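Asker: Here it is: the structure, laid out below.
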Amino acid sequence: MISTTASPAHDAICFEPPGCVPFALGWTWQQQLQRRLLENPDGPEAVLLLEHEPCYTLGRGADPAFLGFDPEDPPAPLFRIDRGGEVTHHCPGQLVLYPVLNLQRHGADLHLYLRELEGVVIDLLAELGLGGGRIDGLTGVWLEGRKVAAIGVGARRWISQHGLALNVEADLSGFAEVVPCGIANREVGRLVDWRPELSAAVLRPRLLETFSRRFGLQLRPPTLQEQLQGW
């Protein structure tokens with residue numbers, strides 16, 4: 001489950017909470033990890049890999065017009081959060097990767113960081129024999145014209161939050177309630193539409209391996225002391 005890349009630049013703590021995590025809890029964990037790295041920029045980076053209970057999130061400047069429901073009465077919990085981008089949907093069967101990185105170690109360039117996160121998914125799809133790619137002017141990863149991975153990030157003093165969401169076997173019906181990422185003319189897809197044998201559980205270790213390789217990280221589980229500290 002933990003990558004063993006050759007000659008890693010440095011290690012990072014890897015958290016894989018079981019089950020489906022409420023969005024508010026996952027966001028709290030990110031904030032705690034970000035705060036620790038802000039206090040000690042030379043400390044270990046971290047990554048969370050999880051699945052969320054059904055919910056919707058809006059970026060900091062997202063337009064509520066892209067919601068197909070009353071925000072006071074959403075069909076699933078709705079959160080406005082501190083990332084870029086418009087509205088997206090999270091649900092079981094979608095792998096969500098939240099890197100909490102010191103981006104000064106990774107180029108100090110948010111645009112580059114977004115492209116690298118896209119690259120993680122493109123690399124993974126290539127390993128699966130799937131030709132994922134980018135579309136000029138848009139953020140995310142696309143497969144035969146359908147968006148399979150959404151990406152939205154935030155950073156405070158170069159310490160990142162949020163990340164990518166990859167639809168593996170997710171029920172896509174929740175996306176019909178919104179205009180995903182504010183893009184009205186492109187469909188959302190999931191990997192099982194191309195590779196029916198795939199599952200989120202099977203792809204978890206492969207996604208971590210691809211991420212750690214692209215970012216030059218050695219992923220490790222938290223130590224007992226880190227667990228006791230709330231990491």
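Ordering of the structure tokens sets the chain letters (A, B, ...), residue numbers begin anew at 1 in every chain, and ligands are numbered from 1 in the order given.
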Apply DSSP to the backbone of this structure and, from region 8-204 of chain A, keep only the residues in strand (DSSP E or B); write these as a ChimeraX atom specification.

Answerer: /A:10-15,20-21,45-52,55-58,67,78-80,87-90,94-100,102,133,141-143,146-156,159-167,178,188

Asker: Compile the contact shell of Leu124 (chain A) as a list in words: residues with an atom at most 8 Å away, counting only C-alpha atoms, same-chain residues fewer than 5 positions apart removed.

Answerer: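 So, after excluding close chain neighbours, the residues are Arg206, Leu207 and Thr210 of chain A.
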
Asker: Can you list every residue in region 52-202 of chain A that DSSP puts in helix (DSSP H, G or I), as a PyMOL selection string?

Answerer: chain A and resi 64-66+103-105+110-127+172-177+180-182+191-193+200-202

Asker: If we count only C-alpha atoms and set the cut-off at 8 Å, which residues sit around Asn102 (chain A), ignoring sequence neighbours fewer than 2 positions away in its own chain? Please answer as a PyMOL selection string.

Answerer: chain A and resi 37+41+45+100+104-106+158-160

Asker: Can you write out the residues you just picked, keeping N, CA, C and O atoms, as a PDB file, in the first residue's frame?

Answerer:
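Once everything was written out, this is again33.pdb:
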```
ATOM      1  N   LEU A  37       2.222  21.997   9.202  1.00  0.00           N
ATOM      2  CA  LEU A  37       3.291  22.277   8.247  1.00  0.00           C
ATOM      3  C   LEU A  37       3.572  23.777   8.164  1.00  0.00           C
ATOM      4  O   LEU A  37       4.712  24.184   7.913  1.00  0.00           O
ATOM      5  N   PRO A  41       7.645  24.367   8.476  1.00  0.00           N
ATOM      6  CA  PRO A  41       7.713  24.112   7.034  1.00  0.00           C
ATOM      7  C   PRO A  41       8.703  23.030   6.634  1.00  0.00           C
ATOM      8  O   PRO A  41       8.617  22.499   5.521  1.00  0.00           O
ATOM      9  N   GLU A  45       5.618  16.183   4.997  1.00  0.00           N
ATOM     10  CA  GLU A  45       4.395  16.441   4.250  1.00  0.00           C
ATOM     11  C   GLU A  45       3.426  15.284   4.496  1.00  0.00           C
ATOM     12  O   GLU A  45       3.754  14.314   5.167  1.00  0.00           O
ATOM     13  N   VAL A 100      -1.101  17.428   1.313  1.00  0.00           N
ATOM     14  CA  VAL A 100      -0.769  18.602   2.122  1.00  0.00           C
ATOM     15  C   VAL A 100       0.742  18.753   2.012  1.00  0.00           C
ATOM     16  O   VAL A 100       1.508  18.120   2.744  1.00  0.00           O
ATOM     17  N   GLN A 104       6.875  24.894  -1.937  1.00  0.00           N
ATOM     18  CA  GLN A 104       8.204  25.428  -2.206  1.00  0.00           C
ATOM     19  C   GLN A 104       9.204  24.300  -2.475  1.00  0.00           C
ATOM     20  O   GLN A 104      10.259  24.535  -3.061  1.00  0.00           O
ATOM     21  N   ARG A 105       8.864  23.089  -2.058  1.00  0.00           N
ATOM     22  CA  ARG A 105       9.695  21.919  -2.372  1.00  0.00           C
ATOM     23  C   ARG A 105       9.361  21.347  -3.746  1.00  0.00           C
ATOM     24  O   ARG A 105      10.056  20.439  -4.223  1.00  0.00           O
ATOM     25  N   HIS A 106       8.282  21.846  -4.358  1.00  0.00           N
ATOM     26  CA  HIS A 106       7.770  21.241  -5.589  1.00  0.00           C
ATOM     27  C   HIS A 106       7.550  22.289  -6.674  1.00  0.00           C
ATOM     28  O   HIS A 106       6.609  22.183  -7.461  1.00  0.00           O
ATOM     29  N   TRP A 158       2.065  28.718   0.622  1.00  0.00           N
ATOM     30  CA  TRP A 158       2.605  27.611  -0.156  1.00  0.00           C
ATOM     31  C   TRP A 158       2.331  26.234   0.446  1.00  0.00           C
ATOM     32  O   TRP A 158       2.842  25.234  -0.076  1.00  0.00           O
ATOM     33  N   ILE A 159       1.524  26.144   1.507  1.00  0.00           N
ATOM     34  CA  ILE A 159       1.133  24.832   2.040  1.00  0.00           C
ATOM     35  C   ILE A 159      -0.230  24.472   1.458  1.00  0.00           C
ATOM     36  O   ILE A 159      -1.204  25.183   1.669  1.00  0.00           O
ATOM     37  N   SER A 160      -0.306  23.360   0.754  1.00  0.00           N
ATOM     38  CA  SER A 160      -1.489  23.039  -0.050  1.00  0.00           C
ATOM     39  C   SER A 160      -2.587  22.359   0.757  1.00  0.00           C
ATOM     40  O   SER A 160      -2.344  21.740   1.796  1.00  0.00           O
TER      41      SER A 160
END
```

Asker: Please indicate the distance in Å from CA of Pro44 (chain A) to CA of Leu114 (chain A), rounded to one decimal place.

Answerer: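 The value is 21.0 Å.
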
Asker: Applying 7 Å and only C-alpha atoms, which residues near Phe23 (chain A) remain after dropping the ones on its own chain fewer than 4 positions away? List them as a VMD selection string.

Answerer: chain A and resid 27 52 to 53

Asker: For those residues, write N, CA, C and O atoms to a file as a PDB file, in the first residue's frame.

Answerer:
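Final file, out_39.pdb:
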```pdb
ATOM      1  N   TRP A  27     -12.055  17.652   5.807  1.00  0.00           N
ATOM      2  CA  TRP A  27     -11.572  19.028   5.710  1.00  0.00           C
ATOM      3  C   TRP A  27     -10.848  19.427   7.002  1.00  0.00           C
ATOM      4  O   TRP A  27      -9.805  20.077   6.970  1.00  0.00           O
ATOM      5  N   HIS A  52     -15.557   9.955   0.132  1.00  0.00           N
ATOM      6  CA  HIS A  52     -16.476  10.791   0.912  1.00  0.00           C
ATOM      7  C   HIS A  52     -17.899  10.256   0.865  1.00  0.00           C
ATOM      8  O   HIS A  52     -18.322   9.656  -0.133  1.00  0.00           O
ATOM      9  N   GLU A  53     -18.621  10.534   1.925  1.00  0.00           N
ATOM     10  CA  GLU A  53     -20.072  10.417   1.869  1.00  0.00           C
ATOM     11  C   GLU A  53     -20.602  11.435   0.859  1.00  0.00           C
ATOM     12  O   GLU A  53     -19.939  12.442   0.590  1.00  0.00           O
TER      13      GLU A  53
END
```
